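Undergrad: I am sharing upload_8.pdb, which consists of PDB, C-alpha atoms:
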ATOM      1  CA  MET A   1     -58.432 -43.648  35.028  1.00  0.00           C
ATOM      2  CA  SER A   2     -61.354 -44.667  32.885  1.00  0.00           C
ATOM      3  CA  ILE A   3     -62.573 -42.499  30.041  1.00  0.00           C
ATOM      4  CA  ALA A   4     -66.093 -42.427  31.502  1.00  0.00           C
ATOM      5  CA  ILE A   5     -64.897 -41.058  34.827  1.00  0.00           C
ATOM      6  CA  LEU A   6     -62.624 -38.520  33.135  1.00  0.00           C
ATOM      7  CA  LEU A   7     -65.374 -37.178  30.884  1.00  0.00           C
ATOM      8  CA  LYS A   8     -68.267 -37.269  33.352  1.00  0.00           C
ATOM      9  CA  ARG A   9     -66.308 -35.007  35.687  1.00  0.00           C
ATOM     10  CA  SER A  10     -65.530 -32.364  33.115  1.00  0.00           C
ATOM     11  CA  LEU A  11     -68.169 -32.423  30.375  1.00  0.00           C
ATOM     12  CA  PRO A  12     -71.350 -30.380  30.542  1.00  0.00           C
ATOM     13  CA  GLY A  13     -74.309 -31.297  28.395  1.00  0.00           C
ATOM     14  CA  SER A  14     -77.107 -33.771  28.022  1.00  0.00           C
ATOM     15  CA  LYS A  15     -76.778 -37.400  29.015  1.00  0.00           C
ATOM     16  CA  SER A  16     -76.912 -38.538  25.392  1.00  0.00           C
ATOM     17  CA  SER A  17     -74.197 -36.076  24.360  1.00  0.00           C
ATOM     18  CA  ILE A  18     -71.964 -37.191  27.210  1.00  0.00           C
ATOM     19  CA  ALA A  19     -72.673 -40.852  26.397  1.00  0.00           C
ATOM     20  CA  GLY A  20     -71.623 -40.272  22.773  1.00  0.00           C
ATOM     21  CA  HIS A  21     -68.349 -38.689  23.846  1.00  0.00           C
ATOM     22  CA  ILE A  22     -67.718 -41.544  26.275  1.00  0.00           C
ATOM     23  CA  GLU A  23     -68.321 -44.170  23.574  1.00  0.00           C
ATOM     24  CA  ARG A  24     -66.014 -42.409  21.124  1.00  0.00           C
ATOM     25  CA  GLY A  25     -63.466 -41.786  23.887  1.00  0.00           C
ATOM     26  CA  GLU A  26     -63.389 -45.480  24.742  1.00  0.00           C
ATOM     27  CA  ARG A  27     -62.879 -46.360  21.055  1.00  0.00           C
ATOM     28  CA  ILE A  28     -60.031 -43.835  20.892  1.00  0.00           C
ATOM     29  CA  ALA A  29     -58.484 -45.267  24.065  1.00  0.00           C
ATOM     30  CA  GLN A  30     -58.722 -48.796  22.659  1.00  0.00           C
ATOM     31  CA  ALA A  31     -57.093 -47.727  19.380  1.00  0.00           C
ATOM     32  CA  ILE A  32     -54.229 -46.009  21.225  1.00  0.00           C
ATOM     33  CA  GLN A  33     -53.822 -49.050  23.481  1.00  0.00           C
ATOM     34  CA  GLN A  34     -53.584 -51.395  20.491  1.00  0.00           C
ATOM     35  CA  ARG A  35     -51.237 -49.183  18.460  1.00  0.00           C
ATOM     36  CA  PHE A  36     -48.983 -47.702  21.158  1.00  0.00           C
ATOM     37  CA  SER A  37     -49.543 -49.996  24.187  1.00  0.00           C
ATOM     38  CA  ILE A  38     -50.536 -47.039  26.350  1.00  0.00           C
ATOM     39  CA  SER A  39     -53.562 -47.684  28.519  1.00  0.00           C
ATOM     40  CA  GLU A  40     -53.452 -44.633  30.811  1.00  0.00           C
ATOM     41  CA  PRO A  41     -54.929 -41.441  29.280  1.00  0.00           C
ATOM     42  CA  ARG A  42     -52.573 -39.285  31.371  1.00  0.00           C
ATOM     43  CA  GLN A  43     -49.669 -40.768  29.375  1.00  0.00           C
ATOM     44  CA  TRP A  44     -51.105 -39.760  26.021  1.00  0.00           C
ATOM     45  CA  GLN A  45     -49.157 -37.260  23.987  1.00  0.00           C
ATOM     46  CA  VAL A  46     -50.230 -34.982  21.173  1.00  0.00           C
ATOM     47  CA  LYS A  47     -48.754 -37.436  18.641  1.00  0.00           C
ATOM     48  CA  HIS A  48     -51.190 -40.115  19.804  1.00  0.00           C
ATOM     49  CA  MET A  49     -54.184 -37.841  19.323  1.00  0.00           C
ATOM     50  CA  ARG A  50     -52.864 -36.650  15.977  1.00  0.00           C
ATOM     51  CA  TRP A  51     -52.483 -40.302  14.891  1.00  0.00           C
ATOM     52  CA  VAL A  52     -56.099 -40.987  15.869  1.00  0.00           C
ATOM     53  CA  LEU A  53     -57.323 -38.097  13.751  1.00  0.00           C
ATOM     54  CA  GLU A  54     -54.985 -38.555  10.774  1.00  0.00           C
ATOM     55  CA  ARG A  55     -54.736 -42.322  10.439  1.00  0.00           C
ATOM     56  CA  TRP A  56     -57.204 -44.220  12.579  1.00  0.00           C
ATOM     57  CA  ALA A  57     -60.261 -42.128  11.666  1.00  0.00           C
ATOM     58  CA  SER A  58     -59.177 -41.525   8.068  1.00  0.00           C
ATOM     59  CA  GLU A  59     -61.615 -44.047   6.566  1.00  0.00           C
ATOM     60  CA  LYS A  60     -64.618 -42.577   8.354  1.00  0.00           C
ATOM     61  CA  SER A  61     -66.996 -40.001   6.906  1.00  0.00           C
ATOM     62  CA  ALA A  62     -66.286 -36.300   7.318  1.00  0.00           C
ATOM     63  CA  ALA A  63     -69.087 -35.939   9.873  1.00  0.00           C
ATOM     64  CA  THR A  64     -67.793 -38.873  11.926  1.00  0.00           C
ATOM     65  CA  ARG A  65     -64.232 -37.531  11.795  1.00  0.00           C
ATOM     66  CA  TYR A  66     -65.566 -34.208  13.076  1.00  0.00           C
ATOM     67  CA  ASP A  67     -67.298 -36.024  15.937  1.00  0.00           C
ATOM     68  CA  TYR A  68     -64.013 -37.731  16.816  1.00  0.00           C
ATOM     69  CA  TRP A  69     -62.213 -34.384  16.695  1.00  0.00           C
ATOM     70  CA  ARG A  70     -64.783 -32.969  19.122  1.00  0.00           C
ATOM     71  CA  THR A  71     -64.187 -35.912  21.448  1.00  0.00           C
ATOM     72  CA  VAL A  72     -60.410 -35.473  21.185  1.00  0.00           C
ATOM     73  CA  ARG A  73     -60.917 -31.814  22.055  1.00  0.00           C
ATOM     74  CA  VAL A  74     -62.962 -32.745  25.128  1.00  0.00           C
ATOM     75  CA  LEU A  75     -60.456 -35.426  26.197  1.00  0.00           C
ATOM     76  CA  THR A  76     -57.471 -33.101  25.913  1.00  0.00           C
ATOM     77  CA  ALA A  77     -59.328 -30.373  27.808  1.00  0.00           C
ATOM     78  CA  ALA A  78     -60.199 -32.859  30.566  1.00  0.00           C
ATOM     79  CA  LEU A  79     -56.515 -33.792  30.738  1.00  0.00           C
ATOM     80  CA  GLY A  80     -55.599 -30.102  31.002  1.00  0.00           C
ATOM     81  CA  LYS A  81     -53.636 -30.054  27.731  1.00  0.00           C
ATOM     82  CA  TRP A  82     -56.014 -28.411  25.252  1.00  0.00           C
ATOM     83  CA  GLN A  83     -54.360 -24.975  25.249  1.00  0.00           C
ATOM     84  CA  ASP A  84     -50.948 -26.471  24.438  1.00  0.00           C
ATOM     85  CA  TRP A  85     -52.143 -29.104  21.977  1.00  0.00           C
ATOM     86  CA  ARG A  86     -54.754 -27.089  20.092  1.00  0.00           C
ATOM     87  CA  PRO A  87     -52.452 -25.857  17.291  1.00  0.00           C
ATOM     88  CA  HIS A  88     -51.266 -29.423  16.655  1.00  0.00           C
ATOM     89  CA  LEU A  89     -54.751 -30.900  16.408  1.00  0.00           C
ATOM     90  CA  ASP A  90     -56.128 -28.716  13.626  1.00  0.00           C
ATOM     91  CA  GLY A  91     -56.632 -30.437  10.321  1.00  0.00           C
ATOM     92  CA  ALA A  92     -59.083 -31.500   7.630  1.00  0.00           C
ATOM     93  CA  TRP A  93     -61.323 -33.095  10.267  1.00  0.00           C
ATOM     94  CA  CYS A  94     -62.200 -29.669  11.728  1.00  0.00           C
ATOM     95  CA  ARG A  95     -65.210 -27.973  10.217  1.00  0.00           C
ATOM     96  CA  SER A  96     -64.377 -24.684   8.693  1.00  0.00           C
ATOM     97  CA  GLY A  97     -66.931 -21.971   8.455  1.00  0.00           C
ATOM     98  CA  ARG A  98     -68.854 -19.693  10.702  1.00  0.00           C
ATOM     99  CA  GLY A  99     -71.713 -20.149  13.035  1.00  0.00           C
ATOM    100  CA  GLY A 100     -72.574 -22.670  15.637  1.00  0.00           C
ATOM    101  CA  ARG A 101     -72.106 -22.559  19.346  1.00  0.00           C
ATOM    102  CA  SER A 102     -68.782 -22.200  21.020  1.00  0.00           C
ATOM    103  CA  ALA A 103     -67.272 -25.300  22.587  1.00  0.00           C
ATOM    104  CA  LYS A 104     -68.469 -26.154  26.067  1.00  0.00           C
ATOM    105  CA  ILE A 105     -65.343 -27.670  27.521  1.00  0.00           C
ATOM    106  CA  SER A 106     -63.827 -27.136  30.875  1.00  0.00           C
ATOM    107  CA  ILE A 107     -60.250 -25.975  30.920  1.00  0.00           C
ATOM    108  CA  ARG A 108     -58.285 -27.395  33.822  1.00  0.00           C
ATOM    109  CA  ARG A 109     -55.755 -25.108  35.343  1.00  0.00           C
ATOM    110  CA  SER A 110     -52.631 -26.683  36.741  1.00  0.00           C
TER     111      SER A 110
END
Can the structure from this file be put into structure tokens for me?
TA:
Amino acid sequence: MSIAILLKRSLPGSKSSIAGHIERGERIAQAIQQRFSISEPRQWQVKHMRWVLERWASEKSAATRYDYWRTVRVLTAALGKWQDWRPHLDGAWCRSGRGGRSAKISIRRS
């Protein structure tokens, strides 16, 4: 399943916002494919997403790392794993503080 199809089905928002998540999602998928030889998003595990956030995105700015965390959050929600993986995906890349809108992600129920 392609990242674009996965995210277009489950992500509300503007076309530009969705396009940004799709671009980042495809970069994440390519990084996981190169590092772990896993091309199917349904085979991803929390360790793969944690690696993306801890290692692969480590050289990027704090704002860019936050954007990647948001995309990881959307991807895991689209895969129906966000509730289980959420505690494992918190880290320095998450913005701390108050304010802002709540996340608009769809939670798939199995």
Undergrad: Name the residues that the PyMOL selection byres ((chain A and resi 22-24) around 12) picks from the file above, as an MDAnalysis selection string, using the file's chain letters and numbers.
TA: chainID A and resid 2:11 15:21 25:31 52 57 64:75
Undergrad: When you look at Ile32 (chain A) with a cut-off of 9 Å (counting only C-alpha atoms), what residues show up, excluding the ones that are within fewer than 4 positions of it in the same chain? I need them as JSON, numbers by chain.
TA: {"A": [27, 28, 36, 37, 38, 39, 44, 48, 49, 51, 52]}
Undergrad: Could you pull the residues within 9 Å of Arg50 (chain A), counting all atoms listed in the file, minus those fewer than 5 positions along the same chain, as a PyMOL selection string?
TA: chain A and resi 45+55+88-90
Undergrad: Nearest to Ala78 (chain A): which of A:Ser58, A:Leu53, A:Pro12, A:Gln34 is it, counting only C-alpha atoms?
TA: A:Pro12
Undergrad: For region 37-45 of chain A, what centre and edge lengths in Å (one decimal) does the axis-aligned box get once 8 Å is added on each side of all its listed atoms, as JSON?
TA:
{"center_x": -52.0, "center_y": -43.6, "center_z": 27.7, "size_x": 21.8, "size_y": 28.7, "size_z": 23.4}
Undergrad: What gap, in Å, lies between CA of Asp84 (chain A) and CA of Val46 (chain A)?
TA: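 CA of Val46 (chain A) lies at a distance of 9.1 Å from CA of Asp84 (chain A).
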Undergrad: Rounded to one decimal in Å, what is the spacing between CA of Trp93 (chain A) and CA of Ala62 (chain A)?
TA: 6.6 Å
